file entry_14.cif (mmCIF, C-alpha atoms)
data_coords
#
loop_
_atom_site.group_PDB
_atom_site.id
_atom_site.type_symbol
_atom_site.label_atom_id
_atom_site.label_comp_id
_atom_site.auth_asym_id
_atom_site.auth_seq_id
_atom_site.Cartn_x
_atom_site.Cartn_y
_atom_site.Cartn_z
ATOM 1 C CA PRO A 1 -13.640 -1.337 0.423
ATOM 2 C CA GLY A 2 -12.732 2.284 0.789
ATOM 3 C CA GLU A 3 -14.604 3.536 -2.242
ATOM 4 C CA HIS A 4 -18.083 4.583 -3.319
ATOM 5 C CA SER A 5 -17.742 2.711 -6.602
ATOM 6 C CA LEU A 6 -15.018 1.696 -9.011
ATOM 7 C CA GLY A 7 -12.481 4.509 -9.297
ATOM 8 C CA ARG A 8 -14.308 6.703 -6.737
ATOM 9 C CA PRO A 9 -12.454 6.295 -3.422
ATOM 10 C CA TYR A 10 -13.492 8.083 -0.275
ATOM 11 C CA GLN A 11 -11.969 11.571 -0.142
ATOM 12 C CA LEU A 12 -11.218 13.665 2.917
ATOM 13 C CA GLY A 13 -11.121 17.413 2.502
ATOM 14 C CA HIS A 14 -12.208 20.775 3.799
ATOM 15 C CA HIS A 15 -15.444 21.327 1.889
ATOM 16 C CA GLU A 16 -18.963 20.018 2.492
ATOM 17 C CA HIS A 17 -18.940 17.378 -0.279
ATOM 18 C CA THR A 18 -16.013 15.377 1.113
ATOM 19 C CA ASP A 19 -16.377 12.144 3.032
ATOM 20 C CA SER A 20 -16.287 11.829 6.786
ATOM 21 C CA PRO A 21 -13.450 9.984 8.571
ATOM 22 C CA ASP A 22 -16.228 7.858 10.122
ATOM 23 C CA MET A 23 -16.727 6.244 6.696
ATOM 24 C CA ALA A 24 -13.226 4.738 6.766
ATOM 25 C CA ASP A 25 -12.756 1.006 7.085
ATOM 26 C CA LYS A 26 -11.565 0.212 10.585
ATOM 27 C CA ILE A 27 -9.861 -3.061 11.378
ATOM 28 C CA GLU A 28 -8.001 -4.509 14.326
ATOM 29 C CA LEU A 29 -5.359 -7.142 13.792
ATOM 30 C CA ASP A 30 -3.257 -9.124 16.195
ATOM 31 C CA VAL A 31 0.388 -8.497 15.369
ATOM 32 C CA ARG A 32 3.600 -10.093 16.550
ATOM 33 C CA GLU A 33 7.111 -8.809 16.712
ATOM 34 C CA GLY A 34 8.632 -9.053 13.245
ATOM 35 C CA ASP A 35 5.346 -8.703 11.331
ATOM 36 C CA TRP A 36 5.562 -6.444 8.285
ATOM 37 C CA ILE A 37 2.840 -3.837 7.779
ATOM 38 C CA VAL A 38 2.107 -2.120 4.465
ATOM 39 C CA MET A 39 -0.185 0.895 4.281
ATOM 40 C CA GLY A 40 -0.867 2.716 1.070
ATOM 41 C CA SER A 41 -3.248 4.703 -1.034
ATOM 42 C CA ASP A 42 -5.435 3.312 -3.784
ATOM 43 C CA GLY A 43 -2.616 4.175 -6.192
ATOM 44 C CA LEU A 44 -0.664 1.290 -4.651
ATOM 45 C CA PHE A 45 -3.435 -1.277 -4.251
ATOM 46 C CA ASP A 46 -5.105 -0.551 -7.621
ATOM 47 C CA ASN A 47 -1.843 -1.328 -9.407
ATOM 48 C CA LEU A 48 -0.169 -4.102 -7.397
ATOM 49 C CA GLY A 49 -1.716 -7.333 -6.200
ATOM 50 C CA GLU A 50 -1.103 -9.017 -2.860
ATOM 51 C CA SER A 51 1.378 -11.504 -4.319
ATOM 52 C CA GLN A 52 3.472 -8.718 -5.900
ATOM 53 C CA ILE A 53 3.555 -6.851 -2.598
ATOM 54 C CA ALA A 54 4.427 -10.043 -0.687
ATOM 55 C CA GLU A 55 7.321 -10.748 -3.093
ATOM 56 C CA ARG A 56 8.823 -7.315 -2.395
ATOM 57 C CA LEU A 57 8.436 -7.775 1.363
ATOM 58 C CA LEU A 58 10.169 -11.135 1.153
ATOM 59 C CA SER A 59 13.032 -9.524 -0.775
ATOM 60 C CA ALA A 60 13.282 -6.770 1.858
ATOM 61 C CA HIS A 61 13.248 -9.362 4.652
ATOM 62 C CA LEU A 62 16.014 -11.353 2.962
ATOM 63 C CA ARG A 63 18.076 -8.184 2.477
ATOM 64 C CA MET A 64 17.751 -7.558 6.195
ATOM 65 C CA GLN A 65 18.719 -11.126 7.093
ATOM 66 C CA VAL A 66 21.509 -11.661 4.552
ATOM 67 C CA ASP A 67 22.971 -8.169 4.205
ATOM 68 C CA GLY A 68 22.416 -7.194 7.826
ATOM 69 C CA GLN A 69 20.426 -4.103 6.870
ATOM 70 C CA LEU A 70 18.622 -2.341 9.675
ATOM 71 C CA ALA A 71 14.851 -2.613 9.779
ATOM 72 C CA ARG A 72 14.492 1.046 8.808
ATOM 73 C CA ALA A 73 16.666 0.613 5.707
ATOM 74 C CA SER A 74 14.775 -2.523 4.663
ATOM 75 C CA CYS A 75 11.438 -0.793 5.151
ATOM 76 C CA GLY A 76 12.630 2.188 3.128
ATOM 77 C CA TRP A 77 13.862 -0.068 0.332
ATOM 78 C CA ALA A 78 10.537 -1.940 0.304
ATOM 79 C CA ALA A 79 8.496 1.296 0.242
ATOM 80 C CA ARG A 80 10.561 2.807 -2.586
ATOM 81 C CA THR A 81 10.462 -0.434 -4.583
ATOM 82 C CA LEU A 82 6.699 -0.851 -4.141
ATOM 83 C CA LEU A 83 6.204 2.760 -5.184
ATOM 84 C CA ALA A 84 8.317 2.271 -8.333
ATOM 85 C CA ASP A 85 6.519 -0.997 -9.167
ATOM 86 C CA ALA A 86 3.094 0.614 -8.692
ATOM 87 C CA PHE A 87 4.087 3.638 -10.766
ATOM 88 C CA GLU A 88 5.321 1.407 -13.588
ATOM 89 C CA ALA A 89 2.133 -0.687 -13.466
ATOM 90 C CA SER A 90 -0.023 2.475 -13.440
ATOM 91 C CA ARG A 91 1.497 3.543 -16.766
ATOM 92 C CA SER A 92 1.005 0.126 -18.365
ATOM 93 C CA ARG A 93 -1.587 -0.080 -21.118
ATOM 94 C CA ASP A 94 -1.728 -3.849 -21.336
ATOM 95 C CA GLY A 95 -0.819 -5.240 -17.899
ATOM 96 C CA VAL A 96 -3.141 -7.089 -15.565
ATOM 97 C CA THR A 97 -3.671 -5.107 -12.363
ATOM 98 C CA PRO A 98 -6.212 -5.296 -9.526
ATOM 99 C CA PHE A 99 -7.908 -2.256 -11.089
ATOM 100 C CA SER A 100 -8.090 -3.816 -14.566
ATOM 101 C CA ILE A 101 -9.589 -6.996 -13.090
ATOM 102 C CA ALA A 102 -12.200 -5.022 -11.116
ATOM 103 C CA ALA A 103 -13.018 -2.781 -14.096
ATOM 104 C CA THR A 104 -13.461 -5.786 -16.369
ATOM 105 C CA GLU A 105 -15.827 -7.437 -13.882
ATOM 106 C CA GLU A 106 -17.792 -4.347 -12.833
ATOM 107 C CA LEU A 107 -18.084 -2.655 -16.226
ATOM 108 C CA ASP A 108 -18.479 -5.895 -18.198
ATOM 109 C CA LEU A 109 -15.811 -4.947 -20.725
ATOM 110 C CA ALA A 110 -12.240 -5.968 -21.437
ATOM 111 C CA TYR A 111 -10.046 -3.473 -19.586
ATOM 112 C CA SER A 112 -6.279 -3.799 -19.374
ATOM 113 C CA GLY A 113 -3.513 -1.751 -17.853
ATOM 114 C CA GLY A 114 -2.998 0.229 -14.705
ATOM 115 C CA LYS A 115 -4.677 3.210 -13.115
ATOM 116 C CA GLN A 116 -2.652 6.425 -12.972
ATOM 117 C CA ASP A 117 -3.079 8.004 -9.569
ATOM 118 C CA ASP A 118 -1.107 9.430 -6.696
ATOM 119 C CA ILE A 119 0.747 6.655 -4.865
ATOM 120 C CA THR A 120 1.560 6.688 -1.161
ATOM 121 C CA VAL A 121 3.355 3.796 0.536
ATOM 122 C CA LEU A 122 4.357 3.210 4.150
ATOM 123 C CA VAL A 123 6.129 0.003 5.193
ATOM 124 C CA GLY A 124 7.009 -0.922 8.757
ATOM 125 C CA ILE A 125 7.997 -3.783 11.006
ATOM 126 C CA VAL A 126 6.409 -4.376 14.399
ATOM 127 C CA GLU A 127 8.988 -4.195 17.183
ATOM 128 C CA GLN A 128 8.807 -4.953 20.888
ATOM 129 C CA GLY A 129 7.445 -1.982 22.842
ATOM 130 C CA HIS A 130 7.881 -1.184 26.528
ATOM 131 C CA ASP A 131 5.000 -3.257 27.958
ATOM 132 C CA GLU A 132 3.625 -4.990 24.900
ATOM 133 C CA LEU A 133 3.917 -5.171 21.167
ATOM 134 C CA SER A 134 3.107 -1.772 19.828
ATOM 135 C CA LEU A 135 3.669 0.511 16.918
ATOM 136 C CA GLY A 136 5.456 2.890 19.262
ATOM 137 C CA ASN A 137 8.711 1.924 17.600
ATOM 138 C CA PHE A 138 7.234 1.610 14.128
ATOM 139 C CA ARG A 139 10.102 1.746 11.669
ATOM 140 C CA GLY A 140 9.290 2.765 8.154
ATOM 141 C CA ASP A 141 9.487 5.220 5.353
ATOM 142 C CA THR A 142 6.769 7.050 3.541
ATOM 143 C CA ILE A 143 7.134 8.245 0.001
ATOM 144 C CA ASP A 144 4.494 10.270 -1.797
ATOM 145 C CA PHE A 145 4.829 10.388 -5.570
ATOM 146 C CA ALA A 146 2.280 12.218 -7.700
#
call {"tool": "encode", "arguments": {"input": "entry_14.cif", "output": "structure tokens"}}
result
Amino acid sequence: PGEHSLGRPYQLGHHEHTDSPDMADKIELDVREGDWIVMGSDGLFDNLGESQIAERLLSAHLRMQVDGQLARASCGWAARTLLADAFEASRSRDGVTPFSIAATEELDLAYSGGKQDDITVLVGIVEQGHDELSLGNFRGDTIDFA
């Protein structure tokens, strides 16, 4: 999802050969207060798997519960940690990453290591809004590292 083919993600831009926002994947999810939301670029998801991301969110949640950190601080810690993990994995030459698994399957060759790319991460926690659960009080941090 979100790419033409392996390593060719959709690109928005100002010239005629860029992709249209209408090509983006659109999803709706039911969320509850306390749910964690992670948004990121392909630089994050090509280099970290779901279980690695979930482990970091669990650590951030425990920091919030045990250390009494505010949601914003926990989200910031999670975003910075995910970014550092993804950056480290992107520079790996022999690690197993979502990109290396996809490249091995799609290209029918043994590929190992990460995919160097820009990495953007946003982490937030759903909080109670005025009338309903909303992202109106979305707490998070965004870090862009190229």
call {"tool": "residues_around", "arguments": {"input": "entry_14.cif", "residues": "A:Tyr10", "least_positions_apart": "3", "cutoff": "6 Å", "atoms": "all atoms listed in the file", "output": "ChimeraX atom specification"}}
result
/A:2-3,19
call {"tool": "atom_distance", "arguments": {"input": "entry_14.cif", "atom1": "atom CA of A:Val96", "atom2": "atom CA of A:Asp108"}}
result
15.6 Å
call {"tool": "closest_residue", "arguments": {"input": "entry_14.cif", "among": "A:Arg56, A:His4, A:Arg93, A:His61", "to": "A:Thr18", "atoms": "only C-alpha atoms"}}
result
A:His4
call {"tool": "resolve_selection", "arguments": {"input": "entry_14.cif", "expression": "the PyMOL selection byres ((chain A and resi 100) around 8)", "output": "ChimeraX atom specification"}}
result
/A:96-99,101-104,111-115
call {"tool": "resolve_selection", "arguments": {"input": "entry_14.cif", "expression": "the PyMOL selection byres ((chain A and resi 71-87) around 10)", "output": "PyMOL selection string"}}
result
chain A and resi 34+36-40+43-49+52-53+55-65+67-70+88-92+97+114-127+138-146
call {"tool": "atom_distance", "arguments": {"input": "entry_14.cif", "atom1": "atom CA of A:Glu105", "atom2": "atom CA of A:Ile27"}}
result
26.3 Å
call {"tool": "atom_distance", "arguments": {"input": "entry_14.cif", "atom1": "atom CA of A:Pro21", "atom2": "atom CA of A:Pro9"}}
result
12.6 Å
